[in-house]
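Structure file model.cif (mmCIF, C-alpha atoms and all ligand atoms) is printed below.
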data_upload
loop_
_atom_site.label_atom_id
_atom_site.label_comp_id
_atom_site.auth_asym_id
_atom_site.auth_seq_id
_atom_site.Cartn_x
_atom_site.Cartn_y
_atom_site.Cartn_z
CA GLU Q 1 -20.88 -108.82 25.59
CA GLU Q 2 -24.28 -107.75 24.23
CA THR Q 3 -26.49 -110.79 24.28
CA GLY Q 4 -29.49 -110.68 21.96
CA SER Q 5 -29.65 -106.90 22.05
CA ALA Q 6 -31.03 -105.69 18.73
CA SER Q 7 -29.58 -102.43 17.43
CA PRO Q 8 -31.58 -99.40 18.62
CA LEU Q 9 -34.48 -98.24 16.46
CA ASN Q 10 -34.07 -94.80 14.89
CA VAL Q 11 -36.84 -92.43 16.01
CA LEU Q 12 -37.03 -88.92 14.61
CA VAL Q 13 -38.51 -86.20 16.85
CA THR Q 14 -39.44 -82.89 15.24
CA GLY Q 15 -39.19 -80.02 17.72
CA GLY Q 16 -36.87 -82.26 19.75
CA ALA Q 17 -35.07 -79.33 21.42
CA GLY Q 18 -38.30 -77.75 22.70
CA TYR Q 19 -39.97 -78.00 26.09
CA ILE Q 20 -42.09 -81.06 25.27
CA GLY Q 21 -39.58 -82.43 22.75
CA SER Q 22 -36.63 -82.47 25.14
CA HIS Q 23 -38.64 -84.35 27.77
CA VAL Q 24 -39.86 -86.82 25.11
CA VAL Q 25 -36.25 -87.35 23.96
CA TYR Q 26 -35.23 -87.95 27.58
CA CYS Q 27 -37.96 -90.62 27.97
CA LEU Q 28 -37.02 -92.26 24.65
CA GLN Q 29 -33.43 -92.55 25.84
CA LYS Q 30 -34.46 -94.05 29.18
CA THR Q 31 -35.88 -97.07 27.38
CA ARG Q 32 -32.48 -97.67 25.72
CA ARG Q 33 -34.46 -99.07 22.78
CA TYR Q 34 -34.29 -96.01 20.54
CA LYS Q 35 -31.65 -93.91 18.86
CA VAL Q 36 -32.96 -90.32 18.69
CA ILE Q 37 -32.74 -87.99 15.72
CA SER Q 38 -33.97 -84.44 16.28
CA ILE Q 39 -35.07 -81.84 13.77
CA ASP Q 40 -35.51 -78.38 15.26
CA ASN Q 41 -35.28 -74.89 13.72
CA GLY Q 42 -34.54 -73.15 17.03
CA HIS Q 43 -37.57 -70.88 16.73
CA ASN Q 44 -38.54 -71.51 20.34
CA SER Q 45 -35.64 -73.61 21.65
CA LEU Q 46 -31.86 -73.80 22.10
CA PRO Q 47 -29.63 -76.80 21.26
CA GLU Q 48 -28.35 -76.71 24.85
CA ALA Q 49 -31.57 -78.46 25.90
CA LEU Q 50 -30.59 -81.65 24.05
CA VAL Q 51 -26.96 -81.39 25.18
CA ARG Q 52 -28.29 -81.59 28.72
CA VAL Q 53 -30.68 -84.42 27.88
CA GLY Q 54 -27.72 -86.43 26.58
CA GLN Q 55 -25.76 -85.68 29.76
CA LEU Q 56 -28.73 -86.67 31.95
CA SER Q 57 -29.20 -89.92 30.05
CA ARG Q 58 -25.51 -90.80 30.31
CA GLU Q 59 -25.45 -90.02 34.04
CA GLU Q 60 -28.44 -92.30 34.56
CA LEU Q 61 -26.90 -95.25 32.71
CA PRO Q 62 -26.00 -98.18 34.96
CA PRO Q 63 -22.25 -98.58 35.64
CA ASP Q 64 -22.18 -101.73 33.51
CA ALA Q 65 -23.74 -99.95 30.53
CA SER Q 66 -22.61 -101.35 27.19
CA GLU Q 67 -20.91 -99.32 24.48
CA ARG Q 68 -24.19 -99.54 22.51
CA ASP Q 69 -26.11 -98.06 25.44
CA ILE Q 70 -23.64 -95.17 25.66
CA GLN Q 71 -23.93 -94.59 21.90
CA SER Q 72 -27.72 -94.61 22.13
CA THR Q 73 -27.52 -91.48 24.31
CA GLU Q 74 -25.97 -89.65 21.34
CA ILE Q 75 -28.63 -87.48 19.71
CA ASP Q 76 -28.33 -86.68 16.00
CA MET Q 77 -29.36 -83.01 16.06
CA HIS Q 78 -30.32 -81.29 12.80
CA ASN Q 79 -30.93 -77.53 12.85
CA VAL Q 80 -33.50 -77.74 10.06
CA ASP Q 81 -36.74 -75.90 9.34
CA LEU Q 82 -39.62 -78.22 8.42
CA THR Q 83 -40.81 -75.77 5.78
CA LYS Q 84 -37.53 -76.33 3.89
CA GLU Q 85 -38.42 -79.59 2.12
CA GLU Q 86 -34.95 -80.22 0.66
CA GLN Q 87 -33.30 -79.86 4.06
CA VAL Q 88 -35.79 -82.29 5.60
CA ARG Q 89 -35.24 -84.78 2.77
CA GLY Q 90 -31.50 -84.48 3.38
CA VAL Q 91 -31.98 -85.66 6.95
CA PHE Q 92 -33.98 -88.70 5.85
CA GLU Q 93 -31.36 -89.53 3.19
CA LYS Q 94 -28.78 -89.89 5.93
CA TYR Q 95 -30.69 -92.92 7.30
CA GLY Q 96 -31.96 -94.32 4.00
CA LYS Q 97 -35.25 -96.01 3.04
CA GLY Q 98 -36.75 -97.73 6.08
CA GLY Q 99 -33.92 -96.35 8.21
CA ILE Q 100 -36.23 -94.38 10.48
CA TRP Q 101 -38.53 -96.68 12.45
CA GLY Q 102 -40.96 -94.03 13.70
CA LEU Q 103 -41.49 -90.29 13.89
CA ILE Q 104 -42.87 -88.07 16.65
CA HIS Q 105 -44.05 -84.77 15.16
CA ILE Q 106 -44.04 -82.08 17.85
CA ALA Q 107 -42.67 -79.01 16.03
CA ALA Q 108 -45.38 -76.36 15.58
CA TYR Q 109 -46.26 -72.77 16.40
CA LYS Q 110 -48.68 -72.88 19.30
CA ALA Q 111 -49.82 -69.48 20.53
CA VAL Q 112 -53.58 -69.12 20.14
CA GLY Q 113 -53.59 -65.32 20.22
CA GLU Q 114 -50.64 -64.98 17.84
CA SER Q 115 -52.30 -67.36 15.38
CA THR Q 116 -55.20 -64.92 14.95
CA GLU Q 117 -52.70 -62.21 13.92
CA ILE Q 118 -50.53 -64.27 11.51
CA PRO Q 119 -52.76 -67.14 10.32
CA LEU Q 120 -50.82 -67.79 7.09
CA THR Q 121 -47.59 -68.35 9.05
CA TYR Q 122 -49.48 -70.86 11.21
CA TYR Q 123 -50.98 -72.67 8.22
CA GLN Q 124 -47.60 -72.74 6.48
CA ASN Q 125 -45.70 -74.02 9.49
CA ASN Q 126 -48.26 -76.34 11.08
CA VAL Q 127 -50.18 -77.68 8.06
CA ALA Q 128 -48.14 -77.26 4.84
CA ALA Q 129 -44.95 -78.41 6.57
CA THR Q 130 -46.79 -81.43 7.99
CA ILE Q 131 -47.99 -82.37 4.49
CA SER Q 132 -44.45 -82.23 3.08
CA LEU Q 133 -43.15 -84.17 6.09
CA LEU Q 134 -45.73 -86.90 5.46
CA GLN Q 135 -44.72 -87.03 1.79
CA ILE Q 136 -41.06 -87.41 2.72
CA MET Q 137 -41.89 -90.05 5.32
CA SER Q 138 -43.70 -91.95 2.56
CA GLU Q 139 -40.72 -91.66 0.21
CA PHE Q 140 -38.46 -93.12 2.87
CA GLU Q 141 -40.96 -95.78 3.99
CA CYS Q 142 -41.37 -94.37 7.48
CA TYR Q 143 -45.02 -95.16 8.30
CA ARG Q 144 -45.26 -94.93 12.09
CA LEU Q 145 -46.32 -91.52 13.37
CA VAL Q 146 -47.11 -90.00 16.76
CA TYR Q 147 -48.62 -86.56 16.22
CA SER Q 148 -48.70 -83.75 18.77
CA SER Q 149 -52.19 -82.31 18.85
CA SER Q 150 -53.95 -80.15 21.41
CA ALA Q 151 -57.08 -79.78 23.51
CA THR Q 152 -57.69 -76.59 21.55
CA VAL Q 153 -59.16 -78.81 18.79
CA TYR Q 154 -62.31 -78.97 20.96
CA GLY Q 155 -62.90 -75.21 20.91
CA THR Q 156 -65.56 -74.56 23.56
CA PRO Q 157 -66.56 -78.16 24.34
CA PRO Q 158 -70.26 -78.96 24.92
CA ILE Q 159 -69.44 -81.22 27.87
CA VAL Q 160 -66.61 -81.39 30.38
CA PRO Q 161 -64.66 -83.62 31.06
CA ILE Q 162 -64.08 -83.89 27.32
CA PRO Q 163 -64.10 -87.34 25.62
CA GLU Q 164 -62.27 -87.85 22.30
CA SER Q 165 -65.65 -88.38 20.58
CA THR Q 166 -66.42 -84.69 21.05
CA ARG Q 167 -66.93 -82.87 17.73
CA LEU Q 168 -63.78 -80.95 16.71
CA GLN Q 169 -64.62 -77.25 16.42
CA ALA Q 170 -61.46 -75.22 16.88
CA ASP Q 171 -62.04 -71.48 16.78
CA SER Q 172 -58.47 -70.19 16.49
CA PRO Q 173 -56.23 -70.62 13.43
CA TYR Q 174 -53.83 -72.51 15.71
CA GLY Q 175 -56.53 -74.94 16.82
CA LYS Q 176 -57.71 -75.29 13.20
CA THR Q 177 -54.16 -76.23 12.10
CA LYS Q 178 -54.28 -79.09 14.59
CA VAL Q 179 -57.69 -80.25 13.35
CA MET Q 180 -56.52 -80.04 9.73
CA ALA Q 181 -53.31 -81.99 10.40
CA GLU Q 182 -55.26 -84.71 12.27
CA THR Q 183 -57.71 -84.91 9.35
CA ILE Q 184 -54.89 -85.16 6.78
CA ILE Q 185 -53.18 -87.91 8.76
CA ASP Q 186 -56.49 -89.77 9.19
CA ASP Q 187 -57.16 -89.58 5.43
CA LEU Q 188 -53.64 -90.82 4.67
CA CYS Q 189 -54.15 -93.81 6.99
CA HIS Q 190 -57.44 -94.54 5.19
CA ALA Q 191 -55.73 -94.29 1.79
CA GLU Q 192 -52.91 -96.69 2.70
CA PRO Q 193 -54.26 -98.75 5.62
CA GLU Q 194 -51.73 -101.50 5.20
CA LYS Q 195 -48.83 -99.03 5.49
CA TRP Q 196 -49.64 -96.21 7.90
CA GLN Q 197 -50.20 -96.30 11.64
CA ALA Q 198 -50.70 -93.01 13.46
CA ILE Q 199 -51.71 -91.86 16.91
CA SER Q 200 -52.61 -88.25 17.64
CA LEU Q 201 -52.06 -87.06 21.20
CA ARG Q 202 -54.27 -84.17 22.29
CA TYR Q 203 -52.21 -82.39 24.96
CA PHE Q 204 -54.02 -80.58 27.73
CA ASN Q 205 -51.79 -78.21 29.73
CA PRO Q 206 -48.24 -79.51 30.26
CA ALA Q 207 -46.40 -78.13 33.29
CA GLY Q 208 -43.34 -78.75 35.41
CA ALA Q 209 -39.88 -80.04 34.46
CA HIS Q 210 -37.55 -82.99 34.94
CA PRO Q 211 -36.89 -83.23 38.74
CA SER Q 212 -33.14 -82.74 38.20
CA GLY Q 213 -33.80 -79.10 37.28
CA ARG Q 214 -31.42 -79.48 34.28
CA ILE Q 215 -34.11 -79.20 31.58
CA GLY Q 216 -37.36 -77.26 31.51
CA GLU Q 217 -39.59 -74.82 29.71
CA ASP Q 218 -37.62 -71.89 28.32
CA PRO Q 219 -39.88 -69.79 26.09
CA LYS Q 220 -38.16 -67.02 24.16
CA GLY Q 221 -39.31 -63.57 25.26
CA ARG Q 222 -42.16 -62.97 27.70
CA PRO Q 223 -44.06 -66.23 28.40
CA GLY Q 224 -47.63 -66.31 27.14
CA ASN Q 225 -48.54 -69.31 29.26
CA LEU Q 226 -49.52 -69.00 32.92
CA LEU Q 227 -47.04 -71.31 34.63
CA PRO Q 228 -43.81 -70.17 32.96
CA LEU Q 229 -44.94 -66.57 33.52
CA LEU Q 230 -45.42 -67.22 37.25
CA ALA Q 231 -41.98 -68.86 37.34
CA HIS Q 232 -40.40 -65.84 35.60
CA MET Q 233 -42.09 -63.52 38.10
CA ALA Q 234 -40.79 -65.51 41.08
CA VAL Q 235 -37.23 -65.54 39.72
CA GLY Q 236 -37.34 -61.85 38.85
CA ARG Q 237 -37.04 -62.33 35.10
CA VAL Q 238 -40.36 -60.51 34.73
CA LYS Q 239 -40.31 -57.39 36.89
CA GLU Q 240 -43.91 -57.61 38.04
CA ALA Q 241 -45.44 -58.95 41.25
CA VAL Q 242 -49.00 -58.63 40.03
CA LEU Q 243 -50.45 -61.38 37.87
CA LYS Q 244 -53.15 -60.05 35.59
CA VAL Q 245 -55.97 -62.63 35.66
CA PHE Q 246 -57.83 -62.67 32.35
CA GLY Q 247 -61.36 -62.59 33.67
CA ASN Q 248 -63.17 -64.00 36.71
CA ASP Q 249 -66.67 -64.02 35.24
CA TYR Q 250 -66.49 -67.51 33.72
CA PRO Q 251 -69.00 -70.22 34.70
CA THR Q 252 -66.44 -72.01 36.90
CA HIS Q 253 -66.21 -72.56 40.66
CA ASP Q 254 -64.22 -69.38 41.25
CA GLY Q 255 -64.96 -67.55 37.99
CA THR Q 256 -61.48 -68.01 36.53
CA CYS Q 257 -60.62 -70.41 33.69
CA VAL Q 258 -60.10 -74.08 34.48
CA ARG Q 259 -57.43 -76.16 32.72
CA ASP Q 260 -56.18 -79.74 33.02
CA TYR Q 261 -52.50 -79.44 33.99
CA LEU Q 262 -50.34 -82.53 33.73
CA HIS Q 263 -46.65 -83.08 34.44
CA VAL Q 264 -44.52 -82.79 31.31
CA LEU Q 265 -42.84 -86.14 32.10
CA ASP Q 266 -46.25 -87.82 32.35
CA LEU Q 267 -47.07 -86.25 28.99
CA ALA Q 268 -43.74 -87.44 27.57
CA SER Q 269 -44.33 -90.98 28.81
CA GLY Q 270 -47.62 -90.93 26.87
CA HIS Q 271 -45.56 -90.59 23.68
CA LEU Q 272 -43.60 -93.75 24.50
CA LEU Q 273 -46.85 -95.64 25.10
CA ALA Q 274 -48.17 -94.37 21.75
CA LEU Q 275 -44.96 -95.39 19.98
CA ASP Q 276 -45.13 -98.86 21.59
CA ALA Q 277 -48.70 -99.17 20.26
CA LEU Q 278 -47.37 -98.76 16.70
CA ASP Q 279 -45.35 -101.95 16.81
CA GLY Q 280 -48.13 -103.84 15.03
CA ASN Q 281 -49.21 -105.97 17.97
CA SER Q 282 -51.33 -103.46 19.80
CA GLN Q 283 -55.10 -103.48 20.32
CA VAL Q 284 -55.49 -99.70 19.97
CA PHE Q 285 -56.89 -100.01 16.43
CA HIS Q 286 -59.32 -102.83 17.31
CA ASP Q 287 -62.31 -100.58 16.55
CA ARG Q 288 -60.71 -99.02 13.46
CA PRO Q 289 -61.22 -101.62 10.67
CA ASN Q 290 -60.45 -99.17 7.85
CA ALA Q 291 -57.52 -97.13 9.07
CA ARG Q 292 -54.95 -97.38 11.82
CA PHE Q 293 -55.46 -93.81 13.09
CA LYS Q 294 -56.64 -92.84 16.57
CA ALA Q 295 -56.58 -89.76 18.80
CA TYR Q 296 -56.16 -89.75 22.58
CA ASN Q 297 -56.50 -87.07 25.25
CA LEU Q 298 -53.46 -86.70 27.47
CA GLY Q 299 -54.64 -85.09 30.70
CA LYS Q 300 -55.27 -85.89 34.35
CA GLY Q 301 -59.05 -85.49 34.23
CA ARG Q 302 -58.70 -82.90 36.99
CA GLY Q 303 -59.19 -79.19 36.26
CA MET Q 304 -57.51 -76.39 38.20
CA SER Q 305 -58.45 -72.72 38.04
CA VAL Q 306 -56.09 -69.80 37.48
CA LEU Q 307 -56.37 -68.76 41.13
CA GLU Q 308 -55.65 -72.31 42.29
CA ILE Q 309 -52.52 -72.35 40.12
CA VAL Q 310 -51.35 -69.04 41.56
CA GLU Q 311 -51.83 -70.43 45.08
CA ALA Q 312 -49.90 -73.62 44.21
CA MET Q 313 -47.03 -71.56 42.80
CA ARG Q 314 -47.06 -69.29 45.86
CA LEU Q 315 -46.52 -72.42 47.98
CA ALA Q 316 -43.80 -73.82 45.71
CA THR Q 317 -41.82 -70.60 45.24
CA GLY Q 318 -42.53 -68.65 48.43
CA PHE Q 319 -43.14 -65.67 46.11
CA ASP Q 320 -45.90 -63.32 47.26
CA TYR Q 321 -47.95 -63.07 44.06
CA ARG Q 322 -50.59 -60.38 43.85
CA THR Q 323 -53.48 -60.80 41.40
CA GLU Q 324 -55.46 -58.21 39.50
CA ILE Q 325 -58.60 -59.24 37.64
CA ILE Q 326 -58.72 -57.70 34.16
CA GLY Q 327 -60.78 -58.48 31.02
CA ARG Q 328 -61.00 -61.85 29.32
CA ARG Q 329 -58.31 -62.91 26.82
CA ARG Q 330 -59.60 -63.51 23.29
CA GLY Q 331 -59.86 -67.21 22.48
CA ASP Q 332 -59.99 -68.40 26.09
CA VAL Q 333 -62.65 -70.98 26.92
CA PRO Q 334 -64.03 -71.56 30.45
CA ASP Q 335 -62.95 -75.13 31.06
CA LEU Q 336 -60.67 -77.59 29.21
CA THR Q 337 -60.56 -80.69 31.41
CA ALA Q 338 -59.85 -84.06 29.78
CA ASP Q 339 -61.76 -87.28 30.09
CA PRO Q 340 -58.58 -89.39 30.17
CA THR Q 341 -60.23 -92.82 30.32
CA LEU Q 342 -59.60 -93.89 26.70
CA ALA Q 343 -55.82 -93.34 26.92
CA GLU Q 344 -55.79 -95.01 30.32
CA LYS Q 345 -57.70 -98.03 29.02
CA GLU Q 346 -56.01 -98.47 25.63
CA LEU Q 347 -52.50 -97.04 26.08
CA GLY Q 348 -52.11 -97.70 29.78
CA PHE Q 349 -51.52 -93.93 30.18
CA LYS Q 350 -51.82 -92.40 33.68
CA ALA Q 351 -50.82 -88.83 34.52
CA SER Q 352 -50.10 -89.48 38.18
CA GLN Q 353 -47.99 -86.52 39.34
CA ASP Q 354 -49.91 -83.89 41.28
CA LEU Q 355 -49.97 -80.11 40.97
CA GLY Q 356 -47.62 -79.61 43.91
CA THR Q 357 -44.98 -81.74 42.20
CA MET Q 358 -45.43 -79.88 38.91
CA CYS Q 359 -44.94 -76.53 40.65
CA ARG Q 360 -41.96 -77.74 42.70
CA ASP Q 361 -40.25 -79.20 39.62
CA LEU Q 362 -40.97 -76.02 37.64
CA TRP Q 363 -39.50 -73.87 40.42
CA ASN Q 364 -36.48 -76.17 40.81
CA TRP Q 365 -35.72 -75.72 37.09
CA GLN Q 366 -36.36 -71.96 37.05
CA SER Q 367 -34.48 -71.13 40.26
CA LYS Q 368 -31.45 -73.11 39.06
CA ASN Q 369 -31.64 -71.57 35.58
CA PRO Q 370 -32.90 -67.99 35.99
CA GLN Q 371 -31.95 -67.27 32.35
CA GLY Q 372 -33.13 -70.64 31.08
CA TYR Q 373 -30.57 -72.26 28.78
CA GLY Q 374 -28.55 -69.10 28.44
CA GLU Q 375 -28.52 -65.55 27.07
CA GLN Q 376 -31.23 -65.22 24.47
C1 LIG F 401 -54.03 -70.80 31.19
C2 LIG F 401 -55.05 -69.94 31.88
C3 LIG F 401 -55.52 -67.86 30.80
C4 LIG F 401 -51.70 -65.90 31.51
C5 LIG F 401 -52.14 -72.70 26.01
C6 LIG F 401 -52.19 -72.59 24.54
C7 LIG F 401 -52.70 -73.88 23.97
C8 LIG F 401 -51.89 -75.02 24.48
C9 LIG F 401 -51.69 -75.02 25.98
C10 LIG F 401 -50.43 -75.92 22.85
C11 LIG F 401 -55.99 -69.29 30.87
C12 LIG F 401 -54.92 -67.64 32.19
C13 LIG F 401 -52.71 -66.86 31.48
C14 LIG F 401 -51.88 -64.71 32.26
C15 LIG F 401 -54.04 -65.49 32.93
N1 LIG F 401 -50.64 -75.00 23.84
N2 LIG F 401 -53.86 -66.64 32.19
N3 LIG F 401 -53.05 -64.55 32.95
O1 LIG F 401 -54.51 -70.87 27.17
O2 LIG F 401 -54.96 -73.04 28.37
O3 LIG F 401 -53.39 -73.01 26.49
O4 LIG F 401 -51.26 -73.75 26.38
O5 LIG F 401 -51.14 -76.80 22.52
O6 LIG F 401 -52.62 -73.77 22.59
O7 LIG F 401 -53.10 -71.57 24.25
O8 LIG F 401 -52.76 -71.93 28.67
O9 LIG F 401 -51.16 -71.00 30.22
O10 LIG F 401 -51.91 -69.56 28.27
O11 LIG F 401 -53.46 -70.01 30.14
O12 LIG F 401 -55.11 -65.30 33.57
O13 LIG F 401 -51.01 -63.80 32.32
O14 LIG F 401 -54.38 -68.89 32.55
O15 LIG F 401 -56.59 -66.96 30.61
O16 LIG F 401 -57.28 -69.29 31.40
P1 LIG F 401 -54.02 -72.16 27.68
P2 LIG F 401 -52.25 -70.58 29.31
#

Spell out the structure here as structure tokens.
Amino acid sequence: EETGSASPLNVLVTGGAGYIGSHVVYCLQKTRRYKVISIDNGHNSLPEALVRVGQLSREELPPDASERDIQSTEIDMHNVDLTKEEQVRGVFEKYGKGGIWGLIHIAAYKAVGESTEIPLTYYQNNVAATISLLQIMSEFECYRLVYSSSATVYGTPPIVPIPESTRLQADSPYGKTKVMAETIIDDLCHAEPEKWQAISLRYFNPAGAHPSGRIGEDPKGRPGNLLPLLAHMAVGRVKEAVLKVFGNDYPTHDGTCVRDYLHVLDLASGHLLALDALDGNSQVFHDRPNARFKAYNLGKGRGMSVLEIVEAMRLATGFDYRTEIIGRRRGDVPDLTADPTLAEKELGFKASQDLGTMCRDLWNWQSKNPQGYGEQ
């Protein structure tokens, strides 16, 4: 007998089948307060990720779980491309005006180097598609938004650790798409302050995987990012034992780039805290009299260098990595370490899991799934 349990709130996650998205969907389901809808075009993901999230959520339900709880682990998956406006509208029509309580917008192209080669594709997918999504949200009276942004909006920051008040000066088309989308969302919240509430989450470097090893990062093709590349090397998916280090002449303690790595589940939990803050009772907009829009850094406030990461992965995997120092990679900046105090103070966010845990969870996922979610 369900006593006083309201029906779950529909939350739509774009990019729900991706690395971040699947962990966010998992955390949404854990609360048993939300019914998840996912829009994903499969560009950098496979539906299997959400099949496994649903299985994980069901396995973790208490034995006395109600029928409603079991139903709330069902994920409405839509294989839709956000640049196809009619398809997106069709998804919203299924739930009707006001039927979607909130939206977490994660879907985007995110490779800095690639964005310099195909800028129009990045502007189309990350900016134009966000504009049409916002228009459709408006049509269907869905005015709560958590937006996935990135530390790359800071470009080469003047001070580190980086506070949110730092001037945004992205220098890659990818980073600029994130600045533009934040600006558009901010302007929309100023235009309709009584309707819109939005929180932008500036991700630092997510790493690791759910400790079960059932879900994790599964980039298509050769990973561009350091940690998945090291995992592919250790599992033999990349036939190299030498990690090319992109420069050791940076002004950092060991000359290699420093980044703020945080566990992907800590990052995902930050999305739940942001969503909670959009329920109208939160203090997060106390210093925003004209518009309910705010951006938060999601990081640990602790930077680790490339060489430190390699060492941590050597410990976690037992793989004997060799390193070779080569030239710098275009677009890299010396140090992106977050000042996480605002999110800690106002959202109650705390990225507590340490690097060893991130590397162990990453290796647990990769060693159990050498080919990721399947043949690609
Ligand atoms: C980390 C460090 C490299 C590979 C990326 C995206 C960014 C954001 C987070 C979305 C850098 C070095 C890497 C290699 C190396 N994604 N490296 N050899 O660049 O901080 O950010 O992920 O928001 O948009 O660019 O992460 O993992 O690519 O690199 O030396 O083979 O490892 O130079 O210093 P990055 P990364």

Protein and nucleic acid residues within 6 Å of ligand LIG 401 (chain F) (all atoms listed in the file) as a list in words: Lys110, Ala111, Val112, Ser150, Thr152, Asn205, Gly224, Asn225, Leu226, Lys244, Val245, Phe246, Cys257, Arg259, Val306, Arg329 and Asp332 of chain Q

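One distance worth recording is that between atom CA of Q:Tyr123 and atom CA of Q:Val36, which is 27.3 Å.
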
Tell me which protein, DNA and RNA residues are within 12 Å of Q:His271, counting only C-alpha atoms, leaving out same-chain ones fewer than 5 positions away, and put them as a PDB file with C-alpha atoms, in the frame of the given file.
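Saved to result.pdb:
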ATOM      1  CA  VAL Q  11     -36.840 -92.430  16.010  1.00  0.00           C
ATOM      2  CA  VAL Q  13     -38.510 -86.200  16.850  1.00  0.00           C
ATOM      3  CA  ILE Q  20     -42.090 -81.060  25.270  1.00  0.00           C
ATOM      4  CA  GLY Q  21     -39.580 -82.430  22.750  1.00  0.00           C
ATOM      5  CA  HIS Q  23     -38.640 -84.350  27.770  1.00  0.00           C
ATOM      6  CA  VAL Q  24     -39.860 -86.820  25.110  1.00  0.00           C
ATOM      7  CA  VAL Q  25     -36.250 -87.350  23.960  1.00  0.00           C
ATOM      8  CA  TYR Q  26     -35.230 -87.950  27.580  1.00  0.00           C
ATOM      9  CA  CYS Q  27     -37.960 -90.620  27.970  1.00  0.00           C
ATOM     10  CA  LEU Q  28     -37.020 -92.260  24.650  1.00  0.00           C
ATOM     11  CA  GLY Q 102     -40.960 -94.030  13.700  1.00  0.00           C
ATOM     12  CA  LEU Q 103     -41.490 -90.290  13.890  1.00  0.00           C
ATOM     13  CA  ILE Q 104     -42.870 -88.070  16.650  1.00  0.00           C
ATOM     14  CA  HIS Q 105     -44.050 -84.770  15.160  1.00  0.00           C
ATOM     15  CA  ILE Q 106     -44.040 -82.080  17.850  1.00  0.00           C
ATOM     16  CA  LEU Q 145     -46.320 -91.520  13.370  1.00  0.00           C
ATOM     17  CA  VAL Q 146     -47.110 -90.000  16.760  1.00  0.00           C
ATOM     18  CA  TYR Q 147     -48.620 -86.560  16.220  1.00  0.00           C
ATOM     19  CA  SER Q 148     -48.700 -83.750  18.770  1.00  0.00           C
ATOM     20  CA  SER Q 149     -52.190 -82.310  18.850  1.00  0.00           C
ATOM     21  CA  ALA Q 198     -50.700 -93.010  13.460  1.00  0.00           C
ATOM     22  CA  ILE Q 199     -51.710 -91.860  16.910  1.00  0.00           C
ATOM     23  CA  SER Q 200     -52.610 -88.250  17.640  1.00  0.00           C
ATOM     24  CA  LEU Q 201     -52.060 -87.060  21.200  1.00  0.00           C
ATOM     25  CA  ARG Q 202     -54.270 -84.170  22.290  1.00  0.00           C
ATOM     26  CA  TYR Q 203     -52.210 -82.390  24.960  1.00  0.00           C
ATOM     27  CA  VAL Q 264     -44.520 -82.790  31.310  1.00  0.00           C
ATOM     28  CA  LEU Q 265     -42.840 -86.140  32.100  1.00  0.00           C
ATOM     29  CA  ASP Q 266     -46.250 -87.820  32.350  1.00  0.00           C
ATOM     30  CA  ASP Q 276     -45.130 -98.860  21.590  1.00  0.00           C
ATOM     31  CA  ALA Q 277     -48.700 -99.170  20.260  1.00  0.00           C
ATOM     32  CA  LEU Q 278     -47.370 -98.760  16.700  1.00  0.00           C
ATOM     33  CA  TYR Q 296     -56.160 -89.750  22.580  1.00  0.00           C
ATOM     34  CA  ASN Q 297     -56.500 -87.070  25.250  1.00  0.00           C
ATOM     35  CA  LEU Q 298     -53.460 -86.700  27.470  1.00  0.00           C
ATOM     36  CA  ALA Q 343     -55.820 -93.340  26.920  1.00  0.00           C
ATOM     37  CA  LEU Q 347     -52.500 -97.040  26.080  1.00  0.00           C
ATOM     38  CA  GLY Q 348     -52.110 -97.700  29.780  1.00  0.00           C
ATOM     39  CA  PHE Q 349     -51.520 -93.930  30.180  1.00  0.00           C
ATOM     40  CA  LYS Q 350     -51.820 -92.400  33.680  1.00  0.00           C
TER      41      LYS Q 350
END

Among listed residues Q:Ile162, Q:Leu273, Q:Ala234, Q:Ile184, nearest Q:Asp339 (using only C-alpha atoms): Q:Ile162

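Put simply, atom CA of Q:Glu48 is 15.0 Å away from atom CA of Q:His210.
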
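Atom CA of Q:Ser172 is found 15.5 Å from atom CA of Q:Arg328.
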